[in-house]
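Contents: one structure, followed by commentary.
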Amino acid sequence: MSPATPRHADLLITGGRLIDPANNIDATSDIAILGGQVVAVGAAASAMTARRAIDAAGAIVAPGFIDMHVHCYEWVTNFGVPPDAAGINAGATTIVDQGSSGAWTLGGFKAYIADPAKTDVRAFVSINVAGALQGGMEGTTLHNPRMVDFTAFADIATQHPRLVRGIKCHGESGGFSHWGTEVLGRAAECGRALSLPLYVHTGELFPVDEASRPAPSSVMAQVVPFLKPGDVLAHVYSNMPDGIMSVHESVPSWLHEARAAGVLFDLGHGINFSFAIARKMLDAGIMPDTLGSDVHGDFCAYHDFSILDYSLIGGLNKMLGLGIGLPDAVRALTATPARVLGDPSIGHLGVGARANITLLREVEGSWSFLDSRRERLVVPRRLLPDLVVIDGSVITPDCGLLADVMRSDERPRGITRGSTLGTVLQRQEGS
Ligand SMILES: [Zn+2]
């Protein structure tokens, strides 16, 4: 024990398999927490006493998971989920909203979503000033070049440096058919000027002007020249013809080059995920750098999560089922997204780190997942979130949004649909 190590902790987590890729740890180890921070790991922690101890024998203890891609501007967008439902109640201590807010709507996102949430909420702010207020079909209204205002973006990035961690933009057929790469180019300029990473959506999303539809395999080739090291391409295993794998039979050469140049790839699971494409790309060595979920509600109704059939934890289990090793998957949920967010206090459990922890337990028994093409993947066991610690506070996640990976009787509270505003809107439509 170093002289600086205190003798008493608030919380000891003992006997778990600690997987902390940033610190090269994968071993049975105790961990001690005091004042919301990690104060000791290993033998130094074992030597301490604590007000509360959690027996984690048989469990996996990991740095708090970071979900790089959620949509949680609830009520303002028509597809936002409650932040804590996507965060601590789904096994993630930090979540990153991808583009729900723009420079003009970030204030509301901060005041009504990020600040009140127990989860650590960050934002990649949309390059358009309004944000993605409605699902993809409103793309041509919201995401056109006239909605880009560099000064407004620079102002909010300067005012809220902890919240604003990057820029959300799009590289897909709809936008390119209307405006070419103009909006993406402006986002890239903004990213370079402010030293912020881009998170680029891939795969057709906005309405396409058919007269100017780009060839599917040409879309990514137009995107890549705008990227800098540290930028992130989303939906790596998407089955969309204009997506990353596109219509190619083997991984295109630009992808290996972009990777070598420091471009990152997020799972961005969402609704277009394909096992067949995942297998092809994994065979070629393309593992996602981060495992963002893209959790969002139904585009057609406010506060309706009844069709949601994917999650961060579901994505983790699918990746393990496809053969990725657990430490690699944990790295993609912790150390790497923390690097994207530029925050050295999260994503690891070294002494001095924020006491953010995701504790998982293994449940034996087969479970089957379906992808967007209705292909099935059967796994022999599941890893499920058992406890979450955020800044030293212990929370039992309600797993309300984890319908893809947990039976309803395994989830303390399932969230589906029905809400006061939802009801009011339906009543108004009916009247
Ligand atoms: Zn998304």
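Ligands are numbered from 1 in the order shown, chains are lettered A, B, ... in the order of the structure tokens, and residues start at 1 in each chain.
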Any residue with an atom at most 9 Å from ligand 1 counts, using only C-alpha atoms and all ligand atoms. Which are they? Put them as a PyMOL selection string. chain A and resi 69-71+97-100+201+234-235+268-270+293-296
Mind dumping the selected residues with C-alpha atoms as an mmCIF file, in the first residue's frame?
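To be explicit, this is the file written out as part_21.cif:
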data_model
loop_
_atom_site.group_PDB
_atom_site.id
_atom_site.type_symbol
_atom_site.label_atom_id
_atom_site.label_comp_id
_atom_site.auth_asym_id
_atom_site.auth_seq_id
_atom_site.Cartn_x
_atom_site.Cartn_y
_atom_site.Cartn_z
ATOM 1 C CA HIS A 69 -24.440 6.474 -29.982
ATOM 2 C CA VAL A 70 -27.817 7.074 -28.393
ATOM 3 C CA HIS A 71 -30.723 9.419 -29.072
ATOM 4 C CA ASP A 97 -26.256 11.659 -27.891
ATOM 5 C CA GLN A 98 -25.585 11.698 -31.634
ATOM 6 C CA GLY A 99 -26.984 14.810 -33.220
ATOM 7 C CA SER A 100 -30.380 15.198 -31.541
ATOM 8 C CA HIS A 201 -23.692 8.441 -40.192
ATOM 9 C CA ALA A 234 -20.902 4.788 -37.910
ATOM 10 C CA HIS A 235 -22.811 1.586 -38.637
ATOM 11 C CA GLY A 268 -23.728 1.954 -34.275
ATOM 12 C CA HIS A 269 -25.892 -1.115 -34.048
ATOM 13 C CA GLY A 270 -29.355 0.265 -34.835
ATOM 14 C CA SER A 293 -25.998 1.061 -29.782
ATOM 15 C CA ASP A 294 -27.931 3.752 -31.733
ATOM 16 C CA VAL A 295 -30.774 3.210 -29.264
ATOM 17 C CA HIS A 296 -33.824 5.254 -30.254
#
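Each of A:Asp149, A:Glu362, A:Asp309, A:Asp298 was checked against Phe79 in chain A using only C-alpha atoms; the smallest atom-to-atom distance is that of A:Asp298.
Across the model, the gap from CA of Gly171 in chain A to CA of Val121 in chain A is 24.8 Å.
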Can you tell me, as a list in words, what residues are no more than 9 Å from Phe153 in chain A when counting only C-alpha atoms, ignoring any on the same chain fewer than 4 positions away? Gly102, Ala103, Trp104, Val125, Ser126, Ile127, Asn128, Val129, Val148, Asp149, Ala157, Thr158 and Cys190 of chain A
Contact residues around range 160-163 of chain A with only C-alpha atoms at 8 Å, ignoring same-chain residues under 5 positions, as a PyMOL selection string: chain A and resi 110+121-123
For the residues selected in the previous step, produce a file with N, CA and C atoms as a PDB file, in the first residue's frame.
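Done, and the output landed in result-v4.pdb:
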ATOM      1  N   LYS A 110     -29.100  20.527 -22.608  1.00  0.00           N
ATOM      2  CA  LYS A 110     -28.297  20.584 -21.376  1.00  0.00           C
ATOM      3  C   LYS A 110     -29.201  20.726 -20.151  1.00  0.00           C
ATOM      4  N   VAL A 121     -24.035  12.353 -19.431  1.00  0.00           N
ATOM      5  CA  VAL A 121     -24.526  12.530 -20.801  1.00  0.00           C
ATOM      6  C   VAL A 121     -23.629  13.511 -21.552  1.00  0.00           C
ATOM      7  N   ARG A 122     -23.173  13.110 -22.712  1.00  0.00           N
ATOM      8  CA  ARG A 122     -22.388  13.997 -23.584  1.00  0.00           C
ATOM      9  C   ARG A 122     -23.094  14.108 -24.932  1.00  0.00           C
ATOM     10  N   ALA A 123     -22.616  15.042 -25.755  1.00  0.00           N
ATOM     11  CA  ALA A 123     -23.276  15.238 -27.044  1.00  0.00           C
ATOM     12  C   ALA A 123     -22.277  15.416 -28.175  1.00  0.00           C
TER      13      ALA A 123
END
Step one, run DSSP on the backbone; step two, keep only residues of range 141-259 of chain A assigned to helix (DSSP H, G or I); then write them as an mmCIF file with N, CA and C atoms, in the first residue's frame.
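Okay, result_2.cif is ready:
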data_model
loop_
_atom_site.group_PDB
_atom_site.id
_atom_site.type_symbol
_atom_site.label_atom_id
_atom_site.label_comp_id
_atom_site.auth_asym_id
_atom_site.auth_seq_id
_atom_site.Cartn_x
_atom_site.Cartn_y
_atom_site.Cartn_z
ATOM 1 N N THR A 141 -35.335 19.001 -44.954
ATOM 2 C CA THR A 141 -35.716 20.246 -44.287
ATOM 3 C C THR A 141 -34.645 20.657 -43.288
ATOM 4 N N LEU A 142 -34.215 19.684 -42.483
ATOM 5 C CA LEU A 142 -33.375 20.015 -41.327
ATOM 6 C C LEU A 142 -31.889 20.047 -41.638
ATOM 7 N N PRO A 145 -27.689 22.653 -46.431
ATOM 8 C CA PRO A 145 -26.552 23.550 -46.170
ATOM 9 C C PRO A 145 -26.947 24.891 -45.527
ATOM 10 N N ARG A 146 -28.170 25.355 -45.801
ATOM 11 C CA ARG A 146 -28.560 26.653 -45.201
ATOM 12 C C ARG A 146 -28.734 26.561 -43.692
ATOM 13 N N MET A 147 -28.809 25.345 -43.166
ATOM 14 C CA MET A 147 -28.966 25.159 -41.720
ATOM 15 C C MET A 147 -27.619 25.051 -40.990
ATOM 16 N N PHE A 150 -21.435 27.976 -38.730
ATOM 17 C CA PHE A 150 -20.183 27.661 -38.055
ATOM 18 C C PHE A 150 -20.018 28.469 -36.761
ATOM 19 N N THR A 151 -20.375 29.762 -36.807
ATOM 20 C CA THR A 151 -20.189 30.613 -35.621
ATOM 21 C C THR A 151 -21.053 30.135 -34.459
ATOM 22 N N ALA A 152 -22.303 29.775 -34.781
ATOM 23 C CA ALA A 152 -23.197 29.278 -33.719
ATOM 24 C C ALA A 152 -22.623 28.013 -33.105
ATOM 25 N N PHE A 153 -22.045 27.133 -33.948
ATOM 26 C CA PHE A 153 -21.465 25.892 -33.423
ATOM 27 C C PHE A 153 -20.256 26.208 -32.546
ATOM 28 N N ALA A 154 -19.400 27.068 -33.032
ATOM 29 C CA ALA A 154 -18.189 27.400 -32.261
ATOM 30 C C ALA A 154 -18.565 27.993 -30.905
ATOM 31 N N ASP A 155 -19.626 28.790 -30.862
ATOM 32 C CA ASP A 155 -20.067 29.400 -29.597
ATOM 33 C C ASP A 155 -20.466 28.336 -28.570
ATOM 34 N N ILE A 156 -21.309 27.381 -28.984
ATOM 35 C CA ILE A 156 -21.761 26.395 -27.989
ATOM 36 C C ILE A 156 -20.626 25.443 -27.602
ATOM 37 N N ALA A 157 -19.736 25.160 -28.549
ATOM 38 C CA ALA A 157 -18.596 24.273 -28.229
ATOM 39 C C ALA A 157 -17.683 24.944 -27.201
ATOM 40 N N THR A 158 -17.539 26.264 -27.319
ATOM 41 C CA THR A 158 -16.690 26.996 -26.369
ATOM 42 C C THR A 158 -17.378 27.123 -25.013
ATOM 43 N N GLN A 159 -18.696 27.338 -25.039
ATOM 44 C CA GLN A 159 -19.422 27.513 -23.772
ATOM 45 C C GLN A 159 -19.577 26.219 -22.984
ATOM 46 N N SER A 173 -26.674 8.638 -49.233
ATOM 47 C CA SER A 173 -27.185 8.937 -50.574
ATOM 48 C C SER A 173 -28.166 10.110 -50.627
ATOM 49 N N GLY A 174 -29.048 10.203 -49.606
ATOM 50 C CA GLY A 174 -30.075 11.246 -49.655
ATOM 51 C C GLY A 174 -29.464 12.643 -49.672
ATOM 52 N N GLY A 175 -28.649 12.935 -48.686
ATOM 53 C CA GLY A 175 -28.005 14.247 -48.621
ATOM 54 C C GLY A 175 -27.148 14.518 -49.841
ATOM 55 N N PHE A 176 -26.367 13.521 -50.268
ATOM 56 C CA PHE A 176 -25.470 13.719 -51.414
ATOM 57 C C PHE A 176 -26.265 13.973 -52.693
ATOM 58 N N SER A 177 -27.465 13.367 -52.824
ATOM 59 C CA SER A 177 -28.254 13.572 -54.042
ATOM 60 C C SER A 177 -28.770 15.005 -54.133
ATOM 61 N N HIS A 178 -28.936 15.655 -52.984
ATOM 62 C CA HIS A 178 -29.432 17.040 -52.985
ATOM 63 C C HIS A 178 -28.303 18.072 -53.011
ATOM 64 N N TRP A 179 -27.300 17.843 -52.193
ATOM 65 C CA TRP A 179 -26.294 18.895 -51.969
ATOM 66 C C TRP A 179 -24.864 18.423 -52.165
ATOM 67 N N GLU A 182 -21.480 19.074 -49.678
ATOM 68 C CA GLU A 182 -21.330 20.420 -49.098
ATOM 69 C C GLU A 182 -21.462 20.420 -47.570
ATOM 70 N N VAL A 183 -22.494 19.764 -47.052
ATOM 71 C CA VAL A 183 -22.725 19.793 -45.598
ATOM 72 C C VAL A 183 -21.605 19.035 -44.874
ATOM 73 N N LEU A 184 -21.239 17.875 -45.417
ATOM 74 C CA LEU A 184 -20.152 17.094 -44.809
ATOM 75 C C LEU A 184 -18.854 17.900 -44.817
ATOM 76 N N GLY A 185 -18.613 18.606 -45.923
ATOM 77 C CA GLY A 185 -17.401 19.426 -46.017
ATOM 78 C C GLY A 185 -17.376 20.525 -44.963
ATOM 79 N N ARG A 186 -18.536 21.149 -44.727
ATOM 80 C CA ARG A 186 -18.612 22.203 -43.700
ATOM 81 C C ARG A 186 -18.370 21.612 -42.319
ATOM 82 N N ALA A 187 -18.927 20.417 -42.078
ATOM 83 C CA ALA A 187 -18.724 19.749 -40.785
ATOM 84 C C ALA A 187 -17.239 19.443 -40.586
ATOM 85 N N ALA A 188 -16.595 18.969 -41.642
ATOM 86 C CA ALA A 188 -15.164 18.631 -41.544
ATOM 87 C C ALA A 188 -14.337 19.873 -41.242
ATOM 88 N N GLU A 189 -14.682 20.993 -41.909
ATOM 89 C CA GLU A 189 -13.986 22.271 -41.645
ATOM 90 C C GLU A 189 -14.136 22.664 -40.179
ATOM 91 N N CYS A 190 -15.371 22.545 -39.701
ATOM 92 C CA CYS A 190 -15.699 22.899 -38.329
ATOM 93 C C CYS A 190 -14.892 22.006 -37.360
ATOM 94 N N GLY A 191 -14.833 20.708 -37.671
ATOM 95 C CA GLY A 191 -14.103 19.775 -36.825
ATOM 96 C C GLY A 191 -12.621 20.096 -36.749
ATOM 97 N N ARG A 192 -12.043 20.460 -37.890
ATOM 98 C CA ARG A 192 -10.617 20.792 -37.884
ATOM 99 C C ARG A 192 -10.366 22.093 -37.125
ATOM 100 N N ALA A 193 -11.244 23.076 -37.328
ATOM 101 C CA ALA A 193 -11.045 24.374 -36.671
ATOM 102 C C ALA A 193 -11.176 24.263 -35.160
ATOM 103 N N LEU A 194 -12.087 23.407 -34.692
ATOM 104 C CA LEU A 194 -12.348 23.311 -33.247
ATOM 105 C C LEU A 194 -11.672 22.097 -32.617
ATOM 106 N N GLU A 210 -34.040 11.143 -56.843
ATOM 107 C CA GLU A 210 -33.667 9.996 -57.679
ATOM 108 C C GLU A 210 -32.877 10.398 -58.917
ATOM 109 N N ALA A 211 -33.143 11.607 -59.446
ATOM 110 C CA ALA A 211 -32.429 12.056 -60.646
ATOM 111 C C ALA A 211 -30.934 12.198 -60.373
ATOM 112 N N SER A 212 -30.574 12.401 -59.103
ATOM 113 C CA SER A 212 -29.160 12.623 -58.768
ATOM 114 C C SER A 212 -28.625 11.574 -57.809
ATOM 115 N N PRO A 216 -24.282 3.554 -55.381
ATOM 116 C CA PRO A 216 -24.076 3.169 -53.975
ATOM 117 C C PRO A 216 -22.601 3.016 -53.593
ATOM 118 N N SER A 217 -21.834 2.385 -54.484
ATOM 119 C CA SER A 217 -20.436 2.118 -54.116
ATOM 120 C C SER A 217 -19.574 3.375 -54.184
ATOM 121 N N SER A 218 -20.131 4.497 -54.687
ATOM 122 C CA SER A 218 -19.334 5.730 -54.771
ATOM 123 C C SER A 218 -19.472 6.590 -53.517
ATOM 124 N N VAL A 219 -20.450 6.281 -52.674
ATOM 125 C CA VAL A 219 -20.768 7.192 -51.564
ATOM 126 C C VAL A 219 -19.626 7.269 -50.544
ATOM 127 N N MET A 220 -19.147 6.115 -50.080
ATOM 128 C CA MET A 220 -18.076 6.144 -49.078
ATOM 129 C C MET A 220 -16.790 6.747 -49.643
ATOM 130 N N ALA A 221 -16.553 6.511 -50.944
ATOM 131 C CA ALA A 221 -15.360 7.090 -51.568
ATOM 132 C C ALA A 221 -15.414 8.613 -51.517
ATOM 133 N N GLN A 222 -16.656 9.160 -51.529
ATOM 134 C CA GLN A 222 -16.785 10.623 -51.420
ATOM 135 C C GLN A 222 -16.619 11.097 -49.978
ATOM 136 N N VAL A 223 -16.911 10.225 -49.010
ATOM 137 C CA VAL A 223 -16.851 10.606 -47.591
ATOM 138 C C VAL A 223 -15.409 10.642 -47.084
ATOM 139 N N VAL A 224 -14.664 9.590 -47.419
ATOM 140 C CA VAL A 224 -13.357 9.362 -46.795
ATOM 141 C C VAL A 224 -12.388 10.550 -46.898
ATOM 142 N N PRO A 225 -12.312 11.250 -48.036
ATOM 143 C CA PRO A 225 -11.340 12.359 -48.108
ATOM 144 C C PRO A 225 -11.572 13.470 -47.066
ATOM 145 N N PHE A 226 -12.765 13.525 -46.503
ATOM 146 C CA PHE A 226 -13.043 14.581 -45.520
ATOM 147 C C PHE A 226 -12.607 14.210 -44.102
ATOM 148 N N SER A 253 -10.612 -1.537 -50.249
ATOM 149 C CA SER A 253 -9.251 -1.157 -49.830
ATOM 150 C C SER A 253 -9.238 0.191 -49.091
ATOM 151 N N TRP A 254 -10.171 1.103 -49.443
ATOM 152 C CA TRP A 254 -10.177 2.409 -48.761
ATOM 153 C C TRP A 254 -10.319 2.224 -47.259
ATOM 154 N N LEU A 255 -11.031 1.152 -46.859
ATOM 155 C CA LEU A 255 -11.331 0.950 -45.445
ATOM 156 C C LEU A 255 -10.052 0.650 -44.646
ATOM 157 N N HIS A 256 -9.214 -0.230 -45.208
ATOM 158 C CA HIS A 256 -7.951 -0.537 -44.532
ATOM 159 C C HIS A 256 -7.076 0.718 -44.453
ATOM 160 N N GLU A 257 -7.092 1.494 -45.534
ATOM 161 C CA GLU A 257 -6.271 2.720 -45.551
ATOM 162 C C GLU A 257 -6.784 3.725 -44.516
ATOM 163 N N ALA A 258 -8.109 3.887 -44.448
ATOM 164 C CA ALA A 258 -8.696 4.838 -43.488
ATOM 165 C C ALA A 258 -8.354 4.415 -42.061
ATOM 166 N N ARG A 259 -8.444 3.125 -41.819
ATOM 167 C CA ARG A 259 -8.114 2.592 -40.495
ATOM 168 C C ARG A 259 -6.665 2.876 -40.134
#
Each range 270-388 of chain A residue no farther than 9 Å from range 24-40 of chain A, nearest pair in Å, only C-alpha atoms, as a Markdown table:
| residue | atom | partner | partner_atom | distance |
| --- | --- | --- | --- | --- |
| A:Pro327 | CA | A:Asp26 | CA | 7.6 |
| A:Leu349 | CA | A:Val38 | CA | 6.6 |
| A:Gly350 | CA | A:Val38 | CA | 6.7 |
| A:Val351 | CA | A:Val38 | CA | 5.0 |
| A:Gly352 | CA | A:Val38 | CA | 5.4 |
| A:Ala353 | CA | A:Val38 | CA | 5.5 |
| A:Arg354 | CA | A:Gln37 | CA | 4.6 |
| A:Ala355 | CA | A:Gln37 | CA | 4.5 |
| A:Asn356 | CA | A:Gln37 | CA | 8.2 |
Selected residue, from A:Ala276, A:Leu320, A:Ile167, A:Leu264, that lies nearest to Arg376 in chain A when counting only C-alpha atoms: A:Ala276
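Between CA of Val388 in chain A and CA of Thr119 in chain A the separation is 10.4 Å.
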Need to verify the contact set: Met245 in chain A, 10 Å, only C-alpha atoms, exclusion of same-chain residues closer than 5 positions in sequence. Can you return it as an mmCIF file with C-alpha atoms, in the first residue's frame?
data_model
loop_
_atom_site.group_PDB
_atom_site.id
_atom_site.type_symbol
_atom_site.label_atom_id
_atom_site.label_comp_id
_atom_site.auth_asym_id
_atom_site.auth_seq_id
_atom_site.Cartn_x
_atom_site.Cartn_y
_atom_site.Cartn_z
ATOM 1 C CA GLY A 203 -26.241 4.271 -45.053
ATOM 2 C CA SER A 217 -20.436 2.118 -54.116
ATOM 3 C CA MET A 220 -18.076 6.144 -49.078
ATOM 4 C CA HIS A 235 -22.811 1.586 -38.637
ATOM 5 C CA VAL A 236 -19.788 -0.514 -39.604
ATOM 6 C CA TYR A 237 -21.853 -3.699 -40.162
ATOM 7 C CA SER A 238 -24.842 -2.029 -41.826
ATOM 8 C CA ASN A 239 -26.475 -3.814 -44.747
ATOM 9 C CA MET A 240 -27.250 -0.560 -46.613
ATOM 10 C CA SER A 250 -14.742 -8.209 -49.810
ATOM 11 C CA VAL A 251 -13.701 -5.316 -47.591
ATOM 12 C CA PRO A 252 -12.859 -2.342 -49.858
ATOM 13 C CA LEU A 255 -11.331 0.950 -45.445
ATOM 14 C CA ILE A 277 -21.709 -8.432 -43.119
ATOM 15 C CA ALA A 278 -20.269 -8.588 -39.601
ATOM 16 C CA LYS A 280 -17.337 -10.961 -43.643
ATOM 17 C CA MET A 281 -15.706 -7.912 -42.066
#
